[in-house]
>>> print(open('protein-v6.txt').read())   # compact mmCIF, C-alpha atoms
# COMPACT_ATOMS: atom_id res chain seq x y z
CA MET A 1 -11.88 52.20 -56.04
CA GLY A 2 -12.04 50.85 -52.52
CA SER A 3 -15.10 48.75 -53.36
CA ILE A 4 -13.46 47.32 -56.46
CA GLU A 5 -10.37 46.28 -54.43
CA GLU A 6 -12.59 44.66 -51.80
CA LYS A 7 -14.38 42.66 -54.51
CA ILE A 8 -11.06 41.51 -55.93
CA ASP A 9 -9.89 40.42 -52.47
CA LEU A 10 -13.13 38.56 -51.78
CA ASP A 11 -12.95 36.85 -55.15
CA SER A 12 -9.36 35.80 -54.51
CA ASP A 13 -10.25 34.47 -51.06
CA GLU A 14 -13.07 32.40 -52.45
CA GLU A 15 -11.02 30.88 -55.24
CA ILE A 16 -7.94 29.94 -53.24
CA PRO A 17 -9.56 27.03 -51.37
CA PHE A 18 -10.88 25.54 -54.59
CA SER A 19 -7.47 25.74 -56.25
CA VAL A 20 -5.75 24.14 -53.26
CA SER A 21 -8.37 21.57 -52.36
CA GLN A 22 -8.59 19.93 -55.74
CA PRO A 23 -5.03 18.56 -55.85
CA THR A 24 -5.13 17.66 -52.18
CA ASN A 25 -8.33 15.72 -52.68
CA LYS A 26 -6.68 13.82 -55.48
CA MET A 27 -3.68 13.10 -53.34
CA HIS A 28 -5.87 11.91 -50.47
CA SER A 29 -7.88 9.71 -52.77
CA LEU A 30 -4.72 8.23 -54.24
CA SER A 31 -3.17 7.67 -50.81
CA PHE A 32 -6.24 5.95 -49.31
CA GLU A 33 -7.00 3.69 -52.23
CA PRO A 34 -4.36 1.07 -51.29
CA SER A 35 -5.47 1.11 -47.61
CA ARG A 36 -9.05 0.37 -48.67
CA HIS A 37 -7.82 -2.67 -50.59
CA ILE A 38 -5.77 -3.79 -47.55
CA LEU A 39 -8.69 -3.49 -45.16
CA ALA A 40 -10.95 -5.23 -47.66
CA HIS A 41 -8.65 -8.25 -47.55
CA PRO A 42 -9.95 -10.83 -45.03
CA GLN A 43 -6.55 -11.18 -43.38
CA PHE A 44 -6.56 -7.48 -42.42
CA SER A 45 -10.13 -7.16 -41.18
CA ALA A 46 -11.15 -4.80 -38.39
CA SER A 47 -11.49 -7.65 -35.87
CA TRP A 48 -7.99 -8.84 -36.78
CA VAL A 49 -6.60 -5.36 -36.11
CA ILE A 50 -8.44 -5.16 -32.77
CA ARG A 51 -7.08 -8.54 -31.71
CA LYS A 52 -3.55 -7.48 -32.61
CA VAL A 53 -3.88 -4.22 -30.67
CA ASN A 54 -5.30 -6.03 -27.63
CA ARG A 55 -2.55 -8.62 -27.79
CA VAL A 56 0.11 -5.91 -27.88
CA SER A 57 -1.61 -4.09 -24.99
CA ILE A 58 -1.73 -7.26 -22.86
CA LEU A 59 1.93 -8.06 -23.56
CA ARG A 60 2.88 -4.48 -22.71
CA SER A 61 0.90 -4.69 -19.45
CA ILE A 62 2.61 -7.97 -18.53
CA TYR A 63 6.00 -6.43 -19.23
CA ILE A 64 5.26 -3.33 -17.10
CA VAL A 65 3.82 -5.20 -14.12
CA LEU A 66 5.83 -8.44 -14.02
CA ILE A 67 9.15 -7.73 -15.75
CA LYS A 68 10.02 -4.03 -15.75
CA ALA A 69 10.44 -3.51 -11.98
CA ARG A 70 13.70 -4.79 -10.50
CA ILE A 71 11.97 -6.17 -7.41
CA ASN A 72 10.28 -8.77 -9.64
CA ILE A 73 13.51 -10.77 -9.54
CA LEU A 74 12.12 -12.14 -6.25
CA LEU A 75 8.95 -13.56 -7.85
CA PRO A 76 10.35 -17.12 -8.43
CA PHE A 77 10.70 -17.59 -4.66
CA GLY A 78 6.92 -18.04 -4.41
CA PRO A 79 6.64 -21.12 -6.67
CA LEU A 80 9.84 -22.45 -5.12
CA ALA A 81 8.27 -22.25 -1.65
CA ILE A 82 5.24 -24.21 -2.89
CA CYS A 83 7.50 -26.91 -4.34
CA LEU A 84 9.45 -27.16 -1.09
CA HIS A 85 6.19 -27.45 0.85
CA TYR A 86 5.10 -30.56 -1.07
CA PHE A 87 8.44 -32.29 -1.67
CA THR A 88 10.38 -31.53 1.52
CA LYS A 89 9.76 -30.98 5.23
CA MET A 90 12.04 -27.95 5.52
CA HIS A 91 9.52 -25.60 7.12
CA GLY A 92 12.15 -22.92 7.71
CA LEU A 93 12.93 -22.62 4.00
CA VAL A 94 9.24 -22.73 3.08
CA PHE A 95 8.57 -19.87 5.48
CA PHE A 96 11.43 -17.67 4.28
CA PHE A 97 10.84 -18.36 0.58
CA SER A 98 7.13 -17.57 1.02
CA LEU A 99 8.12 -14.42 2.90
CA ILE A 100 10.46 -13.31 0.10
CA GLY A 101 8.00 -14.31 -2.62
CA ILE A 102 5.22 -12.14 -1.19
CA ILE A 103 7.42 -9.00 -1.04
CA PRO A 104 7.32 -8.21 -4.81
CA LEU A 105 3.63 -9.15 -4.94
CA ALA A 106 2.86 -6.63 -2.19
CA GLU A 107 4.85 -3.96 -4.04
CA ARG A 108 3.11 -4.69 -7.35
CA LEU A 109 -0.27 -4.64 -5.59
CA GLY A 110 0.52 -1.12 -4.40
CA TYR A 111 1.59 -0.18 -7.92
CA ALA A 112 -1.66 -1.44 -9.44
CA THR A 113 -3.62 0.49 -6.80
CA GLU A 114 -1.75 3.69 -7.69
CA GLN A 115 -2.39 3.14 -11.38
CA LEU A 116 -6.11 2.68 -10.77
CA ALA A 117 -6.19 5.74 -8.50
CA CYS A 118 -4.87 7.85 -11.39
CA TYR A 119 -8.20 7.38 -13.17
CA THR A 120 -10.34 8.23 -10.13
CA GLY A 121 -10.86 11.33 -8.08
CA PRO A 122 -9.11 12.00 -4.76
CA THR A 123 -11.96 10.52 -2.73
CA VAL A 124 -12.06 7.19 -4.55
CA GLY A 125 -8.27 7.16 -4.72
CA GLY A 126 -8.06 7.62 -0.96
CA LEU A 127 -10.51 4.77 -0.40
CA LEU A 128 -8.53 2.53 -2.76
CA ASN A 129 -5.30 3.23 -0.92
CA ALA A 130 -7.05 2.62 2.41
CA THR A 131 -8.43 -0.69 1.17
CA PHE A 132 -5.51 -2.14 -0.78
CA GLY A 133 -2.70 -0.34 1.04
CA ASN A 134 -2.61 -3.04 3.71
CA ALA A 135 -4.23 -5.85 1.73
CA THR A 136 -1.26 -8.16 2.38
CA GLU A 137 -1.61 -7.86 6.15
CA MET A 138 -5.37 -8.42 5.89
CA ILE A 139 -4.98 -11.55 3.74
CA ILE A 140 -2.35 -13.11 6.03
CA SER A 141 -4.49 -12.28 9.06
CA ILE A 142 -7.61 -13.88 7.56
CA TYR A 143 -5.69 -17.09 6.78
CA ALA A 144 -4.29 -17.15 10.32
CA LEU A 145 -7.80 -16.58 11.71
CA GLN A 146 -9.10 -19.57 9.74
CA ASN A 147 -6.42 -21.71 11.42
CA GLY A 148 -7.29 -20.33 14.86
CA MET A 149 -3.91 -18.57 15.24
CA ILE A 150 -5.27 -15.56 17.11
CA ARG A 151 -1.97 -14.54 18.67
CA VAL A 152 -0.21 -14.60 15.29
CA VAL A 153 -2.85 -12.22 13.94
CA GLN A 154 -2.55 -9.86 16.88
CA GLN A 155 1.23 -9.85 16.95
CA SER A 156 1.69 -9.51 13.19
CA LEU A 157 -0.63 -6.49 13.07
CA LEU A 158 1.12 -5.00 16.10
CA GLY A 159 4.46 -5.62 14.39
CA SER A 160 3.28 -3.81 11.26
CA ILE A 161 2.45 -0.72 13.32
CA LEU A 162 5.79 -0.84 15.16
CA SER A 163 7.72 -1.42 11.93
CA ASN A 164 6.08 1.52 10.14
CA MET A 165 6.46 3.93 13.03
CA LEU A 166 9.99 3.04 14.12
CA LEU A 167 11.89 1.25 11.34
CA VAL A 168 10.33 2.74 8.19
CA LEU A 169 10.06 6.29 9.53
CA GLY A 170 13.46 6.03 11.21
CA CYS A 171 15.25 4.88 8.05
CA ALA A 172 13.49 7.62 6.06
CA PHE A 173 14.53 10.34 8.52
CA PHE A 174 18.07 8.95 8.69
CA CYS A 175 18.63 8.72 4.93
CA GLY A 176 16.91 12.04 4.24
CA GLY A 177 18.94 13.71 6.96
CA LEU A 178 22.22 12.40 5.55
CA VAL A 179 21.38 13.56 2.02
CA HIS A 180 20.20 16.99 3.23
CA HIS A 181 22.60 17.33 6.15
CA HIS A 182 23.21 21.01 5.43
CA ARG A 183 19.70 22.00 6.52
CA VAL A 184 16.72 20.85 8.57
CA GLN A 185 13.94 19.06 6.71
CA VAL A 186 10.40 20.24 7.50
CA PHE A 187 6.93 18.72 7.06
CA ASN A 188 3.31 19.60 7.78
CA LYS A 189 3.01 18.89 11.51
CA VAL A 190 -0.69 19.84 11.59
CA ALA A 191 -1.72 16.99 9.31
CA THR A 192 0.58 14.45 10.99
CA ALA A 193 1.24 15.21 14.65
CA LEU A 194 -2.30 16.33 15.50
CA VAL A 195 -4.59 14.06 13.50
CA ASN A 196 -2.64 10.81 13.09
CA SER A 197 -1.13 10.88 16.58
CA GLY A 198 -4.60 11.43 18.01
CA LEU A 199 -5.98 8.43 16.11
CA LEU A 200 -3.05 6.26 17.17
CA LEU A 201 -3.59 7.21 20.82
CA MET A 202 -7.28 6.36 20.41
CA ALA A 203 -6.26 2.94 19.05
CA VAL A 204 -3.98 2.41 22.06
CA MET A 205 -6.90 3.27 24.38
CA CYS A 206 -9.19 0.81 22.59
CA ILE A 207 -6.58 -1.96 22.80
CA LEU A 208 -5.65 -1.16 26.42
CA PHE A 209 -9.09 -1.43 28.05
CA PRO A 210 -9.80 -5.13 27.24
CA ALA A 211 -6.34 -6.09 28.52
CA VAL A 212 -6.79 -4.10 31.74
CA LEU A 213 -10.29 -5.50 32.16
CA GLN A 214 -8.99 -9.06 32.07
CA PHE A 215 -5.85 -8.63 34.14
CA THR A 216 -7.62 -6.73 36.91
CA HIS A 217 -10.28 -9.48 37.06
CA THR A 218 -13.09 -6.93 37.01
CA GLU A 219 -15.22 -8.48 34.26
CA ALA A 220 -18.95 -8.52 34.95
CA HIS A 221 -19.21 -11.82 33.06
CA LYS A 222 -15.92 -13.68 33.08
CA GLY A 223 -14.74 -14.56 29.57
CA LYS A 224 -17.63 -12.73 27.90
CA SER A 225 -17.30 -9.08 28.90
CA GLU A 226 -13.85 -8.77 27.32
CA MET A 227 -15.05 -10.22 24.01
CA ALA A 228 -18.20 -8.08 23.96
CA LEU A 229 -16.18 -4.95 24.74
CA SER A 230 -13.71 -5.77 21.93
CA ARG A 231 -16.46 -6.21 19.35
CA VAL A 232 -18.33 -3.04 20.31
CA THR A 233 -15.06 -1.08 20.40
CA SER A 234 -14.10 -2.45 16.97
CA CYS A 235 -17.33 -1.12 15.48
CA VAL A 236 -16.62 2.29 17.05
CA MET A 237 -13.06 2.24 15.64
CA LEU A 238 -14.36 1.52 12.13
CA ILE A 239 -16.79 4.44 12.44
CA ALA A 240 -13.94 6.65 13.65
CA TYR A 241 -11.76 5.63 10.72
CA ALA A 242 -14.55 6.30 8.21
CA SER A 243 -15.02 9.72 9.81
CA TYR A 244 -11.28 10.30 9.52
CA LEU A 245 -11.37 9.53 5.79
CA PHE A 246 -14.27 11.94 5.32
CA PHE A 247 -12.47 14.56 7.41
CA GLN A 248 -9.25 14.15 5.47
CA LEU A 249 -10.73 14.06 1.97
CA LYS A 250 -13.72 16.39 2.24
CA SER A 251 -14.16 18.57 5.29
CA GLN A 252 -10.68 19.83 6.12
CA ASN A 253 -8.80 20.16 2.85
CA ASN A 254 -7.16 23.35 4.14
CA LEU A 255 -5.20 21.32 6.70
CA TYR A 256 -3.72 19.25 3.92
CA SER A 257 -3.22 22.04 1.41
CA SER A 258 0.55 21.99 1.66
CA LEU A 259 0.61 18.22 1.26
CA ASP A 260 -1.62 18.46 -1.78
CA GLU A 261 0.59 21.19 -3.24
CA VAL A 262 3.66 19.05 -2.74
CA ARG A 263 2.00 16.09 -4.46
CA ASP A 264 0.79 18.27 -7.31
CA ASN A 265 4.30 19.66 -7.79
CA ASP A 266 5.72 16.14 -7.69
CA GLU A 267 3.31 14.99 -10.36
CA ALA A 268 4.16 18.03 -12.47
CA ASP A 269 7.89 17.49 -12.06
CA ASP A 270 7.86 13.74 -12.59
CA ASP A 271 5.14 13.95 -15.28
CA GLU A 272 3.49 10.81 -13.94
CA VAL A 273 1.21 9.29 -16.56
CA PRO A 274 -0.70 6.02 -16.01
CA GLU A 275 1.14 3.15 -17.67
CA ILE A 276 -1.81 0.75 -17.79
CA ASN A 277 -5.51 1.33 -18.36
CA PRO A 278 -8.06 1.00 -15.53
CA TRP A 279 -9.39 -2.41 -16.59
CA GLU A 280 -5.87 -3.81 -16.68
CA ALA A 281 -5.26 -2.35 -13.20
CA ILE A 282 -8.43 -4.04 -11.88
CA GLY A 283 -7.38 -7.33 -13.46
CA TRP A 284 -3.92 -7.14 -11.92
CA LEU A 285 -5.41 -6.28 -8.52
CA ALA A 286 -7.53 -9.43 -8.69
CA MET A 287 -4.68 -11.70 -9.86
CA LEU A 288 -2.13 -10.34 -7.39
CA THR A 289 -4.60 -10.64 -4.53
CA LEU A 290 -5.26 -14.29 -5.41
CA TRP A 291 -1.55 -15.06 -5.67
CA ILE A 292 -0.84 -13.37 -2.32
CA SER A 293 -3.72 -15.34 -0.80
CA LEU A 294 -2.23 -18.60 -2.08
CA LEU A 295 1.26 -17.87 -0.74
CA SER A 296 -0.15 -16.59 2.57
CA GLY A 297 -1.64 -20.03 3.21
CA TYR A 298 1.76 -21.70 2.88
CA LEU A 299 3.38 -18.94 4.92
CA VAL A 300 0.96 -19.33 7.83
CA ASP A 301 1.21 -23.13 7.76
CA ALA A 302 5.01 -22.95 8.02
CA ILE A 303 5.20 -20.51 10.97
CA GLN A 304 5.15 -23.11 13.76
CA GLY A 305 7.52 -25.44 11.92
CA ALA A 306 9.91 -22.58 11.21
CA SER A 307 9.83 -21.59 14.87
CA ASP A 308 10.72 -25.12 15.95
CA SER A 309 13.39 -25.72 13.32
CA MET A 310 15.14 -22.37 13.85
CA ASN A 311 14.60 -22.29 17.63
CA MET A 312 13.01 -18.85 17.26
CA PRO A 313 9.98 -17.64 19.26
CA VAL A 314 6.70 -17.37 17.37
CA ALA A 315 6.26 -13.92 18.89
CA PHE A 316 9.51 -12.74 17.26
CA ILE A 317 8.47 -14.20 13.90
CA SER A 318 5.04 -12.58 14.10
CA VAL A 319 6.09 -9.15 15.36
CA ILE A 320 9.41 -8.68 13.54
CA LEU A 321 9.65 -10.96 10.48
CA LEU A 322 6.08 -11.08 9.15
CA PRO A 323 5.70 -7.26 8.93
CA ILE A 324 8.65 -7.18 6.52
CA VAL A 325 6.29 -8.63 3.90
CA GLY A 326 3.67 -5.93 4.07
CA ASN A 327 6.02 -3.04 4.75
CA ALA A 328 8.63 -3.66 2.05
CA ALA A 329 6.98 -1.33 -0.46
CA GLU A 330 6.31 1.35 2.16
CA HIS A 331 9.90 1.10 3.36
CA ALA A 332 11.39 1.72 -0.08
CA SER A 333 9.00 4.51 -1.07
CA ALA A 334 9.31 6.33 2.27
CA ILE A 335 13.11 6.41 2.02
CA MET A 336 12.97 7.51 -1.62
CA PHE A 337 10.65 10.43 -0.88
CA ALA A 338 12.70 11.48 2.15
CA MET A 339 15.87 11.58 0.08
CA LYS A 340 13.99 13.79 -2.42
CA ASP A 341 13.03 16.14 0.46
CA LYS A 342 9.34 15.22 0.19
CA LEU A 343 8.76 14.46 3.84
CA ASP A 344 5.01 15.10 3.75
CA ILE A 345 4.61 12.07 1.50
CA THR A 346 7.01 10.09 3.70
CA ILE A 347 4.91 10.84 6.78
CA GLY A 348 1.76 9.94 4.87
CA VAL A 349 3.25 6.58 3.88
CA ALA A 350 4.67 5.57 7.28
CA ILE A 351 2.28 7.10 9.81
CA GLY A 352 -0.73 6.82 7.49
CA SER A 353 -0.16 3.08 7.12
CA SER A 354 0.09 2.69 10.91
CA THR A 355 -3.19 4.57 11.29
CA GLN A 356 -4.87 2.32 8.73
CA ILE A 357 -3.73 -0.85 10.49
CA SER A 358 -4.62 0.31 13.99
CA MET A 359 -8.00 1.89 13.17
CA PHE A 360 -9.14 -0.25 10.22
CA VAL A 361 -7.33 -3.59 9.83
CA ILE A 362 -7.35 -4.58 13.52
CA PRO A 363 -11.08 -3.92 14.15
CA PHE A 364 -11.85 -5.44 10.73
CA CYS A 365 -10.13 -8.67 11.81
CA VAL A 366 -12.13 -8.67 15.05
CA ILE A 367 -15.37 -8.43 13.05
CA VAL A 368 -14.21 -11.14 10.59
CA GLY A 369 -13.27 -13.39 13.51
CA TRP A 370 -16.72 -12.78 14.99
CA ILE A 371 -18.28 -13.93 11.71
CA MET A 372 -15.97 -16.98 11.52
CA GLY A 373 -16.68 -17.93 15.13
CA GLN A 374 -13.07 -17.30 16.17
CA PRO A 375 -12.39 -15.58 19.54
CA MET A 376 -10.44 -12.67 18.05
CA ASP A 377 -10.43 -9.72 20.45
CA LEU A 378 -8.53 -6.52 21.23
CA ASN A 379 -6.69 -7.98 24.22
CA PHE A 380 -3.13 -7.91 22.90
CA GLN A 381 -1.71 -8.71 26.38
CA LEU A 382 -0.01 -6.15 28.60
CA PHE A 383 3.51 -6.52 27.17
CA GLU A 384 2.40 -5.85 23.58
CA THR A 385 0.01 -3.07 24.60
CA ALA A 386 2.70 -1.30 26.65
CA THR A 387 5.13 -1.55 23.73
CA LEU A 388 2.57 0.05 21.39
CA PHE A 389 1.75 2.81 23.89
CA ILE A 390 5.39 3.79 24.40
CA THR A 391 6.05 3.67 20.65
CA VAL A 392 3.15 6.00 19.88
CA LEU A 393 4.37 8.46 22.55
CA VAL A 394 7.94 8.44 21.23
CA VAL A 395 6.88 9.01 17.62
CA ALA A 396 4.36 11.71 18.62
CA PHE A 397 7.15 13.64 20.39
CA MET A 398 9.39 13.22 17.34
CA LEU A 399 6.73 14.68 15.04
CA GLN A 400 5.45 17.57 17.13
CA GLU A 401 8.18 20.00 15.97
CA GLY A 402 7.51 19.49 12.28
CA GLN A 403 11.22 18.96 11.61
CA SER A 404 13.46 15.95 11.03
CA ASN A 405 17.17 15.13 10.87
CA TYR A 406 19.35 12.05 10.72
CA PHE A 407 19.72 11.92 14.53
CA LYS A 408 15.96 11.53 15.01
CA GLY A 409 15.99 8.75 12.45
CA LEU A 410 18.86 7.01 14.25
CA MET A 411 16.98 7.17 17.55
CA LEU A 412 13.88 5.59 15.98
CA ILE A 413 15.98 2.79 14.43
CA LEU A 414 17.67 2.09 17.79
CA CYS A 415 14.26 2.00 19.47
CA TYR A 416 13.14 -0.63 16.95
CA ILE A 417 16.24 -2.72 17.69
CA ILE A 418 15.33 -2.62 21.40
CA VAL A 419 11.77 -3.72 20.57
CA ALA A 420 13.07 -6.58 18.39
CA ALA A 421 15.43 -7.76 21.15
CA SER A 422 12.58 -7.61 23.68
CA PHE A 423 10.33 -9.85 21.59
CA PHE A 424 13.19 -12.28 20.93
CA VAL A 425 13.42 -13.04 24.66
CA HIS A 426 9.67 -12.69 25.28
CA ILE A 427 7.61 -15.78 26.11
CA ASP A 428 4.02 -15.42 25.02
CA PRO A 429 1.73 -16.19 27.99
CA THR A 430 -1.30 -18.42 27.57
CA LYS A 431 -4.53 -16.49 27.79
CA GLY A 432 -6.92 -17.57 30.43
>>> encode(input="protein-v6.txt", output="structure tokens")
Amino acid sequence: MGSIEEKIDLDSDEEIPFSVSQPTNKMHSLSFEPSRHILAHPQFSASWVIRKVNRVSILRSIYIVLIKARINILLPFGPLAICLHYFTKMHGLVFFFSLIGIIPLAERLGYATEQLACYTGPTVGGLLNATFGNATEMIISIYALQNGMIRVVQQSLLGSILSNMLLVLGCAFFCGGLVHHHRVQVFNKVATALVNSGLLLMAVMCILFPAVLQFTHTEAHKGKSEMALSRVTSCVMLIAYASYLFFQLKSQNNLYSSLDEVRDNDEADDDEVPEINPWEAIGWLAMLTLWISLLSGYLVDAIQGASDSMNMPVAFISVILLPIVGNAAEHASAIMFAMKDKLDITIGVAIGSSTQISMFVIPFCVIVGWIMGQPMDLNFQLFETATLFITVLVVAFMLQEGQSNYFKGLMLILCYIIVAASFFVHIDPTKG
């Protein structure tokens, strides 16, 4: 009896699919017959469908990159600055409109970099952030180098470091401390205080020696030893920064484990999904870089005229006002992450950007100036070098505990106000 029941069950199992599949096949054939006729029509060909899909994708990408973000309301200031440059002689307005117009472009450039990094691994993503994270500063510096404005390059890069370390980090600590005033915020001091502070101190040493060499009049070959030392030191700094990237991304992942865990949890909580595909991200990187390059030319050309018309020192414009362009995106993101109690990311944004500028952008500009035939060196003058040295010491002491509160942020902001006031009354000496 058992065998007979098994045969009945097997027979029933074999016949059920045939009884179900026949009507479904009929239904599928009936449902797909009209679609075959539609696709057979020349108006609805496969190429037509592909063009429609691509057109929708491009329009969606334009909406996401150029319209969706609120900061894009500042984009019209760029074309307005170009119009003022050709039809008026108001250099002050051209400078400020170019300055405002570059801010959303710098933020969107960072957004496109993040979108492209979503499709790559951590190593390539880190290299992308290192390359495009300070692309605005690099583009402005290259344009200034072409015009022989060496001091503007030096002071604007110095101002970016000071702005990130004092203003950006200070505002982040202050806002985060006010939101979480009931407790002390903590961060990974091993990854920040030890590694980044060490690199920043190395940058101060590299910038200090050429200045001391000149002002003590101890050059073996007057006018040549300082330049040779700057170029050799720049090559060493680039090697050190490449080693730092390898150290951070490959060799010592255990030091950054807590930071990686925080970022992984953030991605899980926020469910961050790339909004544009990688080819669109590459295209936007190219277009935004070209547009920033165009506006940077007008910005650099208007610096001297703006200084004369507003009776404002070029040093103050270069150290205080120009860094606002490149640091606008970092400023907003650092404050946002601090208010969300994600201080590890805040430190990575503020101090990491300062490390990139001091160990990568500055020596890169020295090498580019060498290729262009411009006398770009690491002699930032004693006043600027002393300001950088004291700033690095203050921030290193602030970070060594691994804790932050609103009072630390207030102290950093007040320090930046003192620095800004000092450069407002500072007269840039002629090098000789």
>>> residues_around(input="protein-v6.txt", residues="region 227-243 of chain A", least_positions_apart="3", cutoff="8 Å", atoms="all atoms listed in the file", output="PyMOL selection string")
chain A and resi 203+206+210+223-224+246-247+356+359-360+362-364+366-367+370+375-379
>>> atom_distance(input="protein-v6.txt", atom1="CA of Ala106 (chain A)", atom2="CA of Leu199 (chain A)")
25.3 Å
>>> closest_residue(input="protein-v6.txt", among="A:Ile64, A:Leu145, A:Val204, A:Ile292", to="Tyr111 (chain A)", atoms="only C-alpha atoms")
A:Ile64
>>> closest_residue(input="protein-v6.txt", among="A:Pro76, A:Gly352, A:Gly297, A:Gly283", to="Leu245 (chain A)", atoms="all atoms listed in the file")
A:Gly352
>>> atom_distance(input="protein-v6.txt", atom1="CA of His180 (chain A)", atom2="CA of Leu410 (chain A)")
14.9 Å
>>> residues_around(input="protein-v6.txt", residues="Asn327 (chain A)", least_positions_apart="3", cutoff="12 Å", atoms="all atoms listed in the file", output="PyMOL selection string")
chain A and resi 99+102-107+110+133-137+156-157+159-169+320-324+330-334+349-351+353-354+357
>>> write_last_selection(input="protein-v6.txt", atoms="C-alpha atoms", output="PDB file, in the coordinates of the input")
ATOM      1  CA  LEU A  99       8.120 -14.420   2.900  1.00  0.00           C
ATOM      2  CA  ILE A 102       5.220 -12.140  -1.190  1.00  0.00           C
ATOM      3  CA  ILE A 103       7.420  -9.000  -1.040  1.00  0.00           C
ATOM      4  CA  PRO A 104       7.320  -8.210  -4.810  1.00  0.00           C
ATOM      5  CA  LEU A 105       3.630  -9.150  -4.940  1.00  0.00           C
ATOM      6  CA  ALA A 106       2.860  -6.630  -2.190  1.00  0.00           C
ATOM      7  CA  GLU A 107       4.850  -3.960  -4.040  1.00  0.00           C
ATOM      8  CA  GLY A 110       0.520  -1.120  -4.400  1.00  0.00           C
ATOM      9  CA  GLY A 133      -2.700  -0.340   1.040  1.00  0.00           C
ATOM     10  CA  ASN A 134      -2.610  -3.040   3.710  1.00  0.00           C
ATOM     11  CA  ALA A 135      -4.230  -5.850   1.730  1.00  0.00           C
ATOM     12  CA  THR A 136      -1.260  -8.160   2.380  1.00  0.00           C
ATOM     13  CA  GLU A 137      -1.610  -7.860   6.150  1.00  0.00           C
ATOM     14  CA  SER A 156       1.690  -9.510  13.190  1.00  0.00           C
ATOM     15  CA  LEU A 157      -0.630  -6.490  13.070  1.00  0.00           C
ATOM     16  CA  GLY A 159       4.460  -5.620  14.390  1.00  0.00           C
ATOM     17  CA  SER A 160       3.280  -3.810  11.260  1.00  0.00           C
ATOM     18  CA  ILE A 161       2.450  -0.720  13.320  1.00  0.00           C
ATOM     19  CA  LEU A 162       5.790  -0.840  15.160  1.00  0.00           C
ATOM     20  CA  SER A 163       7.720  -1.420  11.930  1.00  0.00           C
ATOM     21  CA  ASN A 164       6.080   1.520  10.140  1.00  0.00           C
ATOM     22  CA  MET A 165       6.460   3.930  13.030  1.00  0.00           C
ATOM     23  CA  LEU A 166       9.990   3.040  14.120  1.00  0.00           C
ATOM     24  CA  LEU A 167      11.890   1.250  11.340  1.00  0.00           C
ATOM     25  CA  VAL A 168      10.330   2.740   8.190  1.00  0.00           C
ATOM     26  CA  LEU A 169      10.060   6.290   9.530  1.00  0.00           C
ATOM     27  CA  ILE A 320       9.410  -8.680  13.540  1.00  0.00           C
ATOM     28  CA  LEU A 321       9.650 -10.960  10.480  1.00  0.00           C
ATOM     29  CA  LEU A 322       6.080 -11.080   9.150  1.00  0.00           C
ATOM     30  CA  PRO A 323       5.700  -7.260   8.930  1.00  0.00           C
ATOM     31  CA  ILE A 324       8.650  -7.180   6.520  1.00  0.00           C
ATOM     32  CA  GLU A 330       6.310   1.350   2.160  1.00  0.00           C
ATOM     33  CA  HIS A 331       9.900   1.100   3.360  1.00  0.00           C
ATOM     34  CA  ALA A 332      11.390   1.720  -0.080  1.00  0.00           C
ATOM     35  CA  SER A 333       9.000   4.510  -1.070  1.00  0.00           C
ATOM     36  CA  ALA A 334       9.310   6.330   2.270  1.00  0.00           C
ATOM     37  CA  VAL A 349       3.250   6.580   3.880  1.00  0.00           C
ATOM     38  CA  ALA A 350       4.670   5.570   7.280  1.00  0.00           C
ATOM     39  CA  ILE A 351       2.280   7.100   9.810  1.00  0.00           C
ATOM     40  CA  SER A 353      -0.160   3.080   7.120  1.00  0.00           C
ATOM     41  CA  SER A 354       0.090   2.690  10.910  1.00  0.00           C
ATOM     42  CA  ILE A 357      -3.730  -0.850  10.490  1.00  0.00           C
TER      43      ILE A 357
END
>>> residues_around(input="protein-v6.txt", residues="Ile427 (chain A)", least_positions_apart="6", cutoff="9 Å", atoms="only C-alpha atoms", output="PyMOL selection string")
chain A and resi 313-315
>>> atom_distance(input="protein-v6.txt", atom1="CA of Gly148 (chain A)", atom2="CA of Ile317 (chain A)")
16.9 Å
